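Content type compact mmCIF, C-alpha atoms and all ligand atoms, from the file coords.txt:
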# COMPACT_ATOMS: atom_id res chain seq x y z
CA MET A 1 43.94 -12.19 42.59
CA ARG A 2 45.65 -13.76 39.61
CA GLN A 3 42.59 -15.04 37.74
CA ILE A 4 41.23 -11.63 36.83
CA ALA A 5 39.47 -12.61 33.60
CA GLU A 6 37.84 -15.60 35.27
CA HIS A 7 36.59 -13.44 38.11
CA LEU A 8 35.38 -10.72 35.72
CA LEU A 9 33.50 -13.24 33.57
CA LYS A 10 31.90 -15.01 36.53
CA GLU A 11 29.68 -12.00 37.22
CA TYR A 12 29.18 -10.95 33.61
CA SER A 13 25.76 -10.52 32.00
CA THR A 14 26.31 -11.87 28.49
CA GLY A 15 23.33 -9.82 27.31
CA LEU A 16 25.80 -6.94 27.16
CA ASP A 17 27.48 -8.64 24.18
CA TYR A 18 25.83 -6.83 21.30
CA ALA A 19 26.68 -4.40 18.48
CA GLY A 20 30.04 -6.13 18.05
CA ILE A 21 31.31 -5.50 21.62
CA LYS A 22 32.44 -8.63 23.47
CA GLY A 23 32.92 -8.92 27.23
CA LYS A 24 35.13 -11.99 26.93
CA ARG A 25 37.61 -10.23 24.65
CA LEU A 26 37.77 -7.22 26.98
CA ALA A 27 38.24 -9.45 30.06
CA SER A 28 41.00 -11.52 28.50
CA ARG A 29 42.80 -8.37 27.34
CA ILE A 30 42.61 -6.87 30.84
CA GLN A 31 44.11 -10.14 32.09
CA GLU A 32 46.90 -10.18 29.48
CA ILE A 33 47.96 -6.64 30.33
CA ALA A 34 47.72 -7.37 34.07
CA ASN A 35 50.11 -10.32 33.57
CA ILE A 36 52.81 -7.84 32.52
CA GLY A 37 54.50 -6.56 35.68
CA ILE A 38 52.31 -8.45 38.13
CA THR A 39 53.56 -7.94 41.72
CA ASP A 40 53.81 -10.38 44.64
CA ASN A 41 50.44 -9.28 45.95
CA PHE A 42 48.91 -9.33 42.46
CA GLY A 43 49.09 -5.63 41.76
CA SER A 44 50.46 -4.08 38.58
CA CYS A 45 53.90 -2.53 38.27
CA ARG A 46 54.49 -0.92 34.89
CA ILE A 47 56.40 2.28 35.64
CA GLY A 48 56.63 4.81 32.78
CA PHE A 49 59.46 3.91 30.35
CA SER A 50 60.04 0.51 31.97
CA ALA A 51 60.40 -2.79 30.14
CA GLU A 52 56.90 -3.63 31.41
CA GLU A 53 55.26 -0.49 30.03
CA ARG A 54 57.07 -1.18 26.73
CA GLN A 55 55.85 -4.80 26.70
CA ALA A 56 52.25 -3.70 27.35
CA LYS A 57 52.46 -1.14 24.52
CA GLU A 58 53.85 -3.77 22.12
CA LEU A 59 51.03 -6.14 23.02
CA VAL A 60 48.37 -3.51 22.36
CA LYS A 61 50.13 -2.48 19.12
CA HIS A 62 49.77 -6.07 18.02
CA TRP A 63 46.03 -6.00 18.81
CA MET A 64 45.73 -2.69 17.00
CA SER A 65 47.29 -4.17 13.84
CA ASP A 66 45.07 -7.23 14.06
CA ALA A 67 42.05 -4.93 14.25
CA GLY A 68 43.19 -3.30 11.00
CA LEU A 69 44.58 -0.10 12.49
CA GLU A 70 47.56 1.75 11.08
CA VAL A 71 50.00 1.80 14.02
CA LYS A 72 52.49 4.57 14.69
CA GLU A 73 54.64 5.56 17.65
CA ASP A 74 56.01 9.05 18.18
CA HIS A 75 59.39 9.91 19.72
CA ALA A 76 57.85 10.30 23.19
CA GLY A 77 56.65 6.71 22.99
CA ASN A 78 52.99 7.62 22.48
CA VAL A 79 51.26 4.98 20.37
CA PHE A 80 48.52 5.73 17.86
CA GLY A 81 46.32 3.18 16.11
CA ARG A 82 44.43 4.85 13.31
CA LEU A 83 41.30 3.74 11.54
CA ASN A 84 40.84 5.82 8.42
CA GLY A 85 37.37 7.24 8.03
CA LYS A 86 35.41 7.84 4.84
CA GLN A 87 36.68 11.41 4.95
CA PRO A 88 40.30 10.96 6.09
CA SER A 89 41.17 14.63 5.69
CA LEU A 90 38.82 15.65 8.54
CA PRO A 91 40.35 16.11 12.02
CA VAL A 92 40.29 12.80 13.91
CA ILE A 93 38.36 11.67 16.95
CA MET A 94 40.98 10.42 19.41
CA SER A 95 40.34 8.17 22.39
CA GLY A 96 42.57 6.32 24.80
CA SER A 97 44.54 6.62 28.01
CA HIS A 98 47.73 5.07 29.46
CA LEU A 99 49.20 1.65 30.30
CA ASP A 100 51.78 2.68 32.90
CA THR A 101 50.96 2.28 36.59
CA VAL A 102 52.19 3.41 39.99
CA PRO A 103 54.62 0.91 41.61
CA ASN A 104 51.95 -1.38 43.06
CA GLY A 105 48.88 -0.23 41.18
CA GLY A 106 45.70 -1.79 39.90
CA HIS A 107 44.62 -3.37 36.63
CA PHE A 108 42.03 -0.87 35.40
CA ASP A 109 43.49 2.63 35.80
CA GLY A 110 44.44 3.73 32.26
CA VAL A 111 44.09 0.23 30.81
CA LEU A 112 40.30 0.55 30.60
CA GLY A 113 40.54 3.77 28.54
CA VAL A 114 42.86 2.16 26.00
CA LEU A 115 40.90 -1.08 25.78
CA THR A 116 37.43 0.48 25.50
CA ALA A 117 38.69 2.66 22.62
CA LEU A 118 40.09 -0.45 20.94
CA GLU A 119 36.82 -2.29 21.62
CA VAL A 120 34.98 0.42 19.65
CA VAL A 121 37.19 -0.41 16.66
CA GLU A 122 36.65 -4.16 17.14
CA ALA A 123 32.89 -3.58 17.23
CA TRP A 124 32.92 -1.55 14.02
CA LYS A 125 35.04 -4.20 12.36
CA ALA A 126 32.61 -6.94 13.42
CA THR A 127 29.62 -5.00 12.11
CA ASN A 128 31.30 -3.67 8.93
CA VAL A 129 31.16 -0.01 9.90
CA GLN A 130 33.58 2.55 8.58
CA PRO A 131 33.15 5.84 10.43
CA ASN A 132 33.00 9.09 8.55
CA ARG A 133 35.88 10.61 10.47
CA SER A 134 39.11 8.81 11.20
CA PHE A 135 39.38 7.40 14.71
CA GLU A 136 42.64 7.05 16.62
CA VAL A 137 43.21 4.86 19.64
CA VAL A 138 46.02 6.39 21.71
CA ILE A 139 48.33 5.09 24.43
CA PHE A 140 50.05 7.96 26.20
CA SER A 141 53.46 7.33 27.77
CA ASP A 142 54.11 7.70 31.49
CA GLU A 143 50.86 9.25 32.67
CA GLU A 144 51.47 8.42 36.33
CA GLY A 145 54.94 9.93 36.37
CA SER A 146 56.27 7.48 38.98
CA ARG A 147 59.75 7.35 37.44
CA PHE A 148 60.68 11.02 37.45
CA ASN A 149 58.10 12.12 40.02
CA THR A 150 56.29 14.05 37.28
CA GLY A 151 53.24 12.90 35.31
CA LEU A 152 51.33 13.20 32.03
CA THR A 153 54.67 13.02 30.20
CA GLY A 154 53.50 11.60 26.87
CA SER A 155 50.48 13.84 26.41
CA GLN A 156 52.45 16.91 27.43
CA ALA A 157 55.26 16.09 25.01
CA MET A 158 52.74 15.53 22.21
CA MET A 159 50.99 18.83 22.84
CA GLY A 160 54.26 20.75 23.19
CA TYR A 161 54.00 21.56 26.91
CA LEU A 162 57.13 19.75 27.97
CA ASN A 163 60.73 20.49 27.07
CA THR A 164 62.69 18.81 29.84
CA LEU A 165 62.42 16.09 32.46
CA PRO A 166 64.41 15.74 35.70
CA GLU A 167 67.95 14.48 35.06
CA LYS A 168 67.69 11.34 37.18
CA ASP A 169 64.93 8.85 37.87
CA TYR A 170 64.15 7.25 41.25
CA GLU A 171 66.95 4.70 40.72
CA GLY A 172 69.48 7.39 39.80
CA LYS A 173 69.39 6.49 36.10
CA SER A 174 69.70 9.40 33.69
CA PHE A 175 66.79 10.43 31.49
CA GLU A 176 68.85 9.47 28.43
CA GLU A 177 69.64 6.00 29.77
CA VAL A 178 66.00 5.37 30.72
CA LEU A 179 64.85 6.34 27.24
CA GLU A 180 67.52 4.30 25.48
CA ASN A 181 66.44 1.21 27.41
CA ASN A 182 62.98 1.90 26.02
CA GLY A 183 64.01 2.33 22.39
CA LEU A 184 63.68 6.13 22.59
CA SER A 185 66.16 9.00 22.62
CA GLY A 186 66.50 12.25 24.57
CA ASP A 187 67.56 14.08 21.40
CA THR A 188 64.22 13.60 19.70
CA PHE A 189 61.92 13.01 22.70
CA PHE A 190 60.30 16.45 22.69
CA ALA A 191 60.40 16.91 18.91
CA ASP A 192 57.13 15.28 17.88
CA LYS A 193 54.59 17.93 18.70
CA ARG A 194 51.28 17.08 17.06
CA ASP A 195 49.37 19.79 15.22
CA PRO A 196 46.18 20.30 17.31
CA SER A 197 44.22 21.10 14.14
CA GLU A 198 44.53 17.40 13.20
CA ILE A 199 42.44 16.43 16.24
CA ALA A 200 38.73 17.26 16.56
CA ILE A 201 38.25 15.97 20.11
CA PHE A 202 39.86 13.72 22.71
CA VAL A 203 37.57 11.34 24.60
CA GLU A 204 38.82 9.43 27.65
CA VAL A 205 37.17 6.61 29.57
CA HIS A 206 38.70 6.21 33.04
CA ILE A 207 37.82 4.54 36.31
CA GLU A 208 36.36 7.04 38.76
CA GLN A 209 38.85 6.41 41.60
CA GLY A 210 36.11 7.68 43.91
CA LYS A 211 32.79 6.48 45.30
CA GLN A 212 30.19 8.76 43.70
CA LEU A 213 29.03 6.35 41.00
CA GLU A 214 28.92 3.48 43.47
CA LYS A 215 26.93 5.59 45.92
CA HIS A 216 24.40 6.48 43.22
CA ASP A 217 24.41 2.95 41.76
CA LYS A 218 25.46 3.98 38.25
CA PRO A 219 27.96 2.22 36.00
CA VAL A 220 29.14 5.29 34.08
CA GLY A 221 29.06 9.04 34.73
CA ILE A 222 29.91 12.32 33.05
CA VAL A 223 33.02 14.29 33.99
CA THR A 224 32.25 18.01 33.98
CA GLY A 225 35.90 18.96 33.86
CA ILE A 226 39.22 18.46 35.49
CA SER A 227 39.77 20.50 38.60
CA GLY A 228 42.28 23.28 38.75
CA LEU A 229 44.80 23.13 41.54
CA PHE A 230 46.19 25.85 43.73
CA GLY A 231 49.03 24.80 46.01
CA LEU A 232 50.23 26.79 49.02
CA GLU A 233 52.98 26.37 51.55
CA ILE A 234 52.08 28.15 54.75
CA CYS A 235 54.56 28.76 57.55
CA PHE A 236 53.46 29.74 61.07
CA SER A 237 56.33 30.93 63.22
CA GLY A 238 56.13 31.58 66.93
CA GLN A 239 58.63 31.04 69.71
CA ALA A 240 60.14 27.70 70.69
CA GLY A 241 60.45 27.28 74.43
CA HIS A 242 60.63 24.77 77.26
CA ALA A 243 57.38 22.86 77.68
CA GLY A 244 57.83 22.92 81.47
CA ASN A 245 58.99 26.47 82.10
CA THR A 246 56.73 28.56 79.82
CA PRO A 247 53.31 29.42 81.30
CA MET A 248 50.36 28.89 78.97
CA GLY A 249 49.63 32.62 78.73
CA ASP A 250 53.17 33.45 77.58
CA ARG A 251 53.34 31.08 74.64
CA GLN A 252 53.57 31.68 70.91
CA ASP A 253 52.86 28.10 69.92
CA ALA A 254 53.03 27.72 66.14
CA LEU A 255 51.44 24.26 66.23
CA VAL A 256 48.37 25.42 68.15
CA ALA A 257 47.85 28.12 65.51
CA ALA A 258 48.45 25.61 62.71
CA SER A 259 45.99 23.17 64.30
CA GLU A 260 43.22 25.74 64.35
CA PHE A 261 44.07 26.60 60.76
CA ILE A 262 43.91 22.95 59.67
CA PHE A 263 40.43 22.61 61.16
CA VAL A 264 39.12 25.92 59.76
CA ASN A 265 40.57 25.08 56.34
CA SER A 266 38.33 22.01 56.21
CA THR A 267 35.22 24.19 56.64
CA LEU A 268 36.07 26.70 53.88
CA PRO A 269 35.39 24.85 50.58
CA GLN A 270 31.64 24.55 51.25
CA LYS A 271 31.49 28.35 51.48
CA VAL A 272 32.46 28.76 47.82
CA SER A 273 31.09 25.73 45.96
CA SER A 274 29.87 22.17 46.37
CA SER A 275 32.74 20.80 44.28
CA ALA A 276 35.66 22.66 45.91
CA VAL A 277 38.07 20.82 48.22
CA SER A 278 41.00 21.91 50.34
CA THR A 279 43.48 19.58 52.01
CA VAL A 280 46.38 19.98 54.40
CA GLY A 281 48.40 16.88 53.54
CA GLN A 282 51.86 17.61 54.87
CA VAL A 283 52.91 19.14 58.17
CA HIS A 284 56.46 19.77 59.39
CA VAL A 285 56.90 20.78 63.01
CA PHE A 286 60.12 22.42 64.26
CA PRO A 287 61.96 21.57 66.38
CA ASN A 288 59.59 18.60 66.83
CA GLY A 289 60.62 17.63 70.35
CA THR A 290 58.39 16.10 73.00
CA ASN A 291 59.24 18.77 75.58
CA VAL A 292 59.58 21.80 73.32
CA ILE A 293 56.86 24.30 72.40
CA PRO A 294 56.73 24.22 68.59
CA GLY A 295 58.43 27.33 67.22
CA GLU A 296 57.61 26.81 63.57
CA VAL A 297 55.13 24.80 61.52
CA ARG A 298 55.23 24.49 57.77
CA LEU A 299 52.25 22.93 56.05
CA SER A 300 50.95 22.33 52.55
CA VAL A 301 47.48 23.25 51.33
CA ASP A 302 46.09 21.61 48.19
CA ILE A 303 43.04 23.52 46.92
CA ARG A 304 40.99 22.25 43.97
CA ASP A 305 37.86 23.16 42.09
CA ILE A 306 36.40 22.92 38.64
CA ASP A 307 35.47 26.61 38.50
CA LYS A 308 38.28 29.11 38.12
CA ASN A 309 36.53 31.88 40.08
CA SER A 310 35.59 29.76 43.06
CA LEU A 311 39.09 28.26 43.07
CA GLU A 312 40.59 31.75 43.33
CA GLN A 313 38.00 32.77 45.90
CA LEU A 314 38.79 29.74 48.04
CA ALA A 315 42.54 30.35 47.83
CA GLY A 316 41.88 33.93 49.02
CA LEU A 317 39.76 32.69 51.94
CA VAL A 318 42.43 30.18 52.99
CA ILE A 319 45.06 32.92 53.15
CA GLU A 320 42.70 35.31 54.98
CA GLU A 321 41.99 32.69 57.63
CA ALA A 322 45.69 31.89 58.02
CA ILE A 323 46.32 35.59 58.74
CA ARG A 324 43.38 35.92 61.15
CA ILE A 325 44.41 32.79 63.08
CA SER A 326 48.06 33.81 63.27
CA LYS A 327 47.07 37.15 64.81
CA ALA A 328 44.78 35.47 67.35
CA HIS A 329 47.68 33.25 68.47
CA HIS A 330 50.39 35.96 68.36
CA VAL A 331 52.45 34.11 65.76
CA LYS A 332 53.69 35.22 62.37
CA VAL A 333 52.52 33.74 59.10
CA LYS A 334 54.06 33.58 55.62
CA TRP A 335 52.79 31.82 52.55
CA GLU A 336 54.09 30.88 49.15
CA LYS A 337 52.25 29.71 46.05
CA THR A 338 53.65 26.34 44.97
CA LEU A 339 51.22 25.44 42.18
CA ASP A 340 48.67 27.22 40.03
CA VAL A 341 46.99 25.00 37.44
CA ALA A 342 43.83 26.25 35.75
CA PRO A 343 40.75 24.00 35.63
CA VAL A 344 39.89 22.36 32.29
CA PRO A 345 36.12 22.33 31.81
CA VAL A 346 34.23 20.03 29.43
CA GLN A 347 32.07 22.01 27.00
CA ALA A 348 28.37 22.01 27.91
CA ARG A 349 27.38 20.71 24.46
CA MET A 350 29.64 17.70 24.92
CA GLN A 351 28.13 17.00 28.34
CA GLU A 352 24.65 17.23 26.77
CA LEU A 353 25.61 14.71 24.11
CA GLN A 354 27.13 12.44 26.77
CA ALA A 355 23.87 12.68 28.75
CA LYS A 356 21.85 11.69 25.67
CA VAL A 357 24.01 8.63 25.17
CA LEU A 358 23.73 7.60 28.82
CA LYS A 359 19.94 7.92 28.67
CA GLU A 360 19.92 5.68 25.58
CA HIS A 361 21.56 3.09 27.82
CA ASN A 362 19.00 3.68 30.60
CA ILE A 363 21.52 5.41 32.82
CA SER A 364 20.36 8.70 34.33
CA PRO A 365 23.33 11.07 34.06
CA LEU A 366 25.46 11.78 37.09
CA TYR A 367 27.84 14.71 36.72
CA MET A 368 31.09 15.01 38.61
CA PRO A 369 34.39 16.86 38.35
CA SER A 370 37.64 14.97 38.25
CA GLY A 371 39.83 15.99 41.15
CA ALA A 372 42.76 14.03 39.78
CA GLY A 373 44.71 15.00 36.67
CA HIS A 374 44.39 12.88 33.52
CA ASP A 375 45.75 13.03 29.97
CA ALA A 376 42.41 14.68 29.04
CA MET A 377 43.49 17.65 31.17
CA ILE A 378 46.49 18.23 28.90
CA MET A 379 44.51 17.65 25.71
CA GLY A 380 41.75 19.96 26.96
CA LYS A 381 44.02 23.00 27.12
CA GLN A 382 43.68 23.39 23.36
CA LEU A 383 41.08 20.89 22.22
CA PRO A 384 37.51 19.91 23.04
CA ILE A 385 37.48 16.94 25.38
CA ALA A 386 34.93 14.58 26.87
CA MET A 387 35.47 12.17 29.70
CA PHE A 388 33.45 9.28 31.12
CA PHE A 389 34.09 7.86 34.58
CA VAL A 390 33.38 4.20 35.28
CA ARG A 391 32.37 2.89 38.72
CA SER A 392 35.29 1.83 40.97
CA LYS A 393 34.56 -0.71 43.69
CA ASP A 394 34.82 1.03 47.08
CA GLY A 395 36.53 3.93 45.28
CA ILE A 396 39.87 2.11 45.66
CA SER A 397 42.60 2.95 43.17
CA HIS A 398 46.41 2.92 42.78
CA ASN A 399 46.16 -0.33 44.69
CA PRO A 400 45.99 -4.03 43.74
CA GLN A 401 42.40 -4.05 45.10
CA GLU A 402 41.26 -1.66 42.34
CA TRP A 403 38.22 -3.26 40.70
CA THR A 404 35.59 -2.49 38.10
CA SER A 405 33.07 -5.17 37.13
CA LEU A 406 33.06 -6.44 33.56
CA ASN A 407 29.43 -5.31 33.24
CA ASP A 408 30.56 -1.75 33.96
CA CYS A 409 33.63 -2.00 31.67
CA VAL A 410 31.48 -3.27 28.78
CA THR A 411 28.76 -0.68 29.43
CA ALA A 412 31.50 1.97 29.21
CA ALA A 413 32.61 0.55 25.85
CA HIS A 414 29.02 0.74 24.54
CA VAL A 415 28.64 4.29 25.83
CA LEU A 416 31.95 5.34 24.27
CA LYS A 417 31.00 3.77 20.94
CA ARG A 418 27.63 5.50 20.78
CA PHE A 419 29.15 8.79 21.86
CA VAL A 420 31.81 8.63 19.14
CA GLU A 421 29.13 7.72 16.57
CA LYS A 422 26.93 10.61 17.69
CA LEU A 423 29.89 13.01 17.68
CA GLU A 424 29.94 12.81 13.88
CA GLY A 425 27.00 15.17 13.71
CA ALA A 426 28.19 17.43 16.54
CA LEU A 427 31.68 18.40 15.42
ZN ZN A 501 44.94 6.92 35.06

Starting from the file, give its structure as structure tokens.
Amino acid sequence: MRQIAEHLLKEYSTGLDYAGIKGKRLASRIQEIANIGITDNFGSCRIGFSAEERQAKELVKHWMSDAGLEVKEDHAGNVFGRLNGKQPSLPVIMSGSHLDTVPNGGHFDGVLGVLTALEVVEAWKATNVQPNRSFEVVIFSDEEGSRFNTGLTGSQAMMGYLNTLPEKDYEGKSFEEVLENNGLSGDTFFADKRDPSEIAIFVEVHIEQGKQLEKHDKPVGIVTGISGLFGLEICFSGQAGHAGNTPMGDRQDALVAASEFIFVNSTLPQKVSSSAVSTVGQVHVFPNGTNVIPGEVRLSVDIRDIDKNSLEQLAGLVIEEAIRISKAHHVKVKWEKTLDVAPVPVQARMQELQAKVLKEHNISPLYMPSGAGHDAMIMGKQLPIAMFFVRSKDGISHNPQEWTSLNDCVTAAHVLKRFVEKLEGAL
């Protein structure tokens, strides 16, 4: 769909235009960003550190200046638009997201977080409000990580968690060359660590990329935290043999053991918490022949939860079951930890304030963890964070079909604005 703004505005309730927030402005900005890197099937392609991501940043910088913000870019390509508050020496409230996409992504992921933060500034400008604290709209570089198969590059560089990136990108271009094409340099890329004491809180609005809000018929919900992730590689090894000549009772079939494990794994999360999940997403079978009993199976397990204890408990259960099943099938099992990322919770007092704001907008609060990583996850390692999810049609994301109605986008902007205003008294 090329006429995004037109389609957004067709279903828009103009009654949501109040307190300086304007649906038409938001819709036309979503359209203008979508026009940059539009794909043959009308998706978005703005890979991190591409000409398209750069062009989108420059466009938003221009809007930031027009809105009266002081615009700066750091050496990692993160863009900050600052509105000085009445007390400019106080730590700032920061809000934003990213403008890069996956290769054939949608028009709302990241974009909505940047544009709703900017809409808050536009609304204050229209109603002659100067906040007490300074407010910064941020665009983080390369959140999706499609170029170097990484992710959260800008926020990690800003918070000092990143010192290197892979040497070559997916096209074989060197890190240095990629940066130079983007007006940046490898020499200074990791040098601009921001002092966390300058930032009071980071607030991110993001599309849900799931179906919970849609299922409960709510435009906006409260993120309780960003799930931690425990990654495992499990290897079952038995004995390869001829599929015709080995009787069933004499087999050590690694794939049969792995199959039972895959099923049992899916029943484990509910034993530890309602938010935990565990996924086998990759399976390699060796030798992988039609007439050979599988001798070895290597599989990945991706375990996530918002609570550190239940995450650890679930990882323990997964390993226990792998051992039990391997014994029952007379095969060996080995495992290796591939990832161990701690969950980042949102403080209860922030969630309470978010709930108050939602109720003001006649939305009963729905709480949910974020299974996917976001820039807020990086910011939340050292700083208070808050995150609002906005309803995604059919839960579709990273896809040209990604859609959030303008009513929901504008409601999110109102909610963000009120939350930031109410934060003044809570920090
Ligand atoms: Zn995103």

Determine, for each residue of chain A having at least one atom at most 9 Å from an atom of ligand ZN 501 (chain A), the closest pair of atoms and their separation in Å to one decimal, counting only C-alpha atoms and all ligand atoms; order by chain and ascending number, as a Markdown table.
| residue | atom | partner | partner_atom | distance |
| --- | --- | --- | --- | --- |
| A:Ser97 | CA | A:ZN501 | ZN | 7.1 |
| A:His98 | CA | A:ZN501 | ZN | 6.5 |
| A:Leu99 | CA | A:ZN501 | ZN | 8.3 |
| A:Asp100 | CA | A:ZN501 | ZN | 8.3 |
| A:Thr101 | CA | A:ZN501 | ZN | 7.8 |
| A:Phe108 | CA | A:ZN501 | ZN | 8.3 |
| A:Asp109 | CA | A:ZN501 | ZN | 4.6 |
| A:Gly110 | CA | A:ZN501 | ZN | 4.3 |
| A:Val111 | CA | A:ZN501 | ZN | 8.0 |
| A:Gly113 | CA | A:ZN501 | ZN | 8.5 |
| A:Glu143 | CA | A:ZN501 | ZN | 6.8 |
| A:Glu144 | CA | A:ZN501 | ZN | 6.8 |
| A:His206 | CA | A:ZN501 | ZN | 6.6 |
| A:Ile207 | CA | A:ZN501 | ZN | 7.6 |
| A:Gln209 | CA | A:ZN501 | ZN | 9.0 |
| A:Ala372 | CA | A:ZN501 | ZN | 8.8 |
| A:Gly373 | CA | A:ZN501 | ZN | 8.2 |
| A:His374 | CA | A:ZN501 | ZN | 6.2 |
| A:Asp375 | CA | A:ZN501 | ZN | 8.0 |
| A:His398 | CA | A:ZN501 | ZN | 8.8 |

Check your understanding: Leaving out Met387 in chain A and any residue of its chain fewer than 6 positions from it, which residues lie within 12 Å of it when counting only C-alpha atoms, given as an MDAnalysis selection string?
Key -> chainID A and resid 94:97 113 201:208 220:226 344:347 350:351 353:355 367:370 373:377 379:380 412 415:416 419:420

Residues of range 313-347 of chain A within 8 Å of range 237-259 of chain A: nearest atom pair and distance (Å, one decimal) for each, counting all atoms listed in the file, sorted by chain and number, as a tab-separated table?
residue	atom	partner	partner_atom	distance
A:Ile325	CA	A:Ala257	CA	6.3
A:Ser326	CA	A:Ala257	CA	6.1
A:His329	CA	A:Ala257	CA	5.9
A:His330	CA	A:Gln252	CA	5.9
A:Val331	CA	A:Gly238	CA	4.6
A:Lys332	CA	A:Ser237	CA	5.1
A:Val333	CA	A:Ser237	CA	6.3

**Study point:** Using only C-alpha atoms: which of A:Leu268, A:Ile33, A:Ala126, A:Ile199 has the shortest distance to Glu321 in chain A
**Key:**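 Between A:Leu268, A:Ile33, A:Ala126, A:Ile199, the residue approaching Glu321 in chain A most closely is A:Leu268.
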
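Across A:Ser300, A:Ser310, A:Ser405, A:Ser141, the tightest approach to Arg54 in chain A is made by A:Ser141 when counting all atoms listed in the file.
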
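For the choices A:Pro294, A:Pro287, A:Gly77, A:Gly15, the atom-to-atom distance to Leu179 in chain A is smallest for A:Gly77 when using all atoms listed in the file.
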
**Study point:** Selection: 6 Å around range 81-87 of chain A, only C-alpha atoms, excl. self and same-chain fewer than 4 positions, as a PyMOL selection string
**Key:** chain A and resi 64+69-71+131-137

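Nearest to Asp340 in chain A of all the residues A:Pro400, A:Gly295, A:Gly151, A:Gly231 is A:Gly231, counting only C-alpha atoms.
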
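Those residues positioned at most 9 Å from (53.3, -9.2, 32.0) are A:Glu32, A:Ile33, A:Ala34, A:Asn35, A:Ile36, A:Gly37, A:Ile38, A:Ser44, A:Arg46, A:Glu52, A:Gln55, A:Ala56, judged using only C-alpha atoms.
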
Review point. Could you work out how far CA of Leu213 in chain A lies from CA of Ala5 in chain A, giving the answer in Å with one decimal?
Key: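 A separation of 22.9 Å between them.
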
Specify the axis-aligned box that encloses all atoms of range 285-290 of chain A listed in the file after padding of 6 Å on each side, stating its centre and edge lengths in Å to one decimal as lines of an AutoDock Vina configuration file.
center_x = 59.4
center_y = 19.3
center_z = 68.0
size_x = 17.1
size_y = 18.3
size_z = 22.0
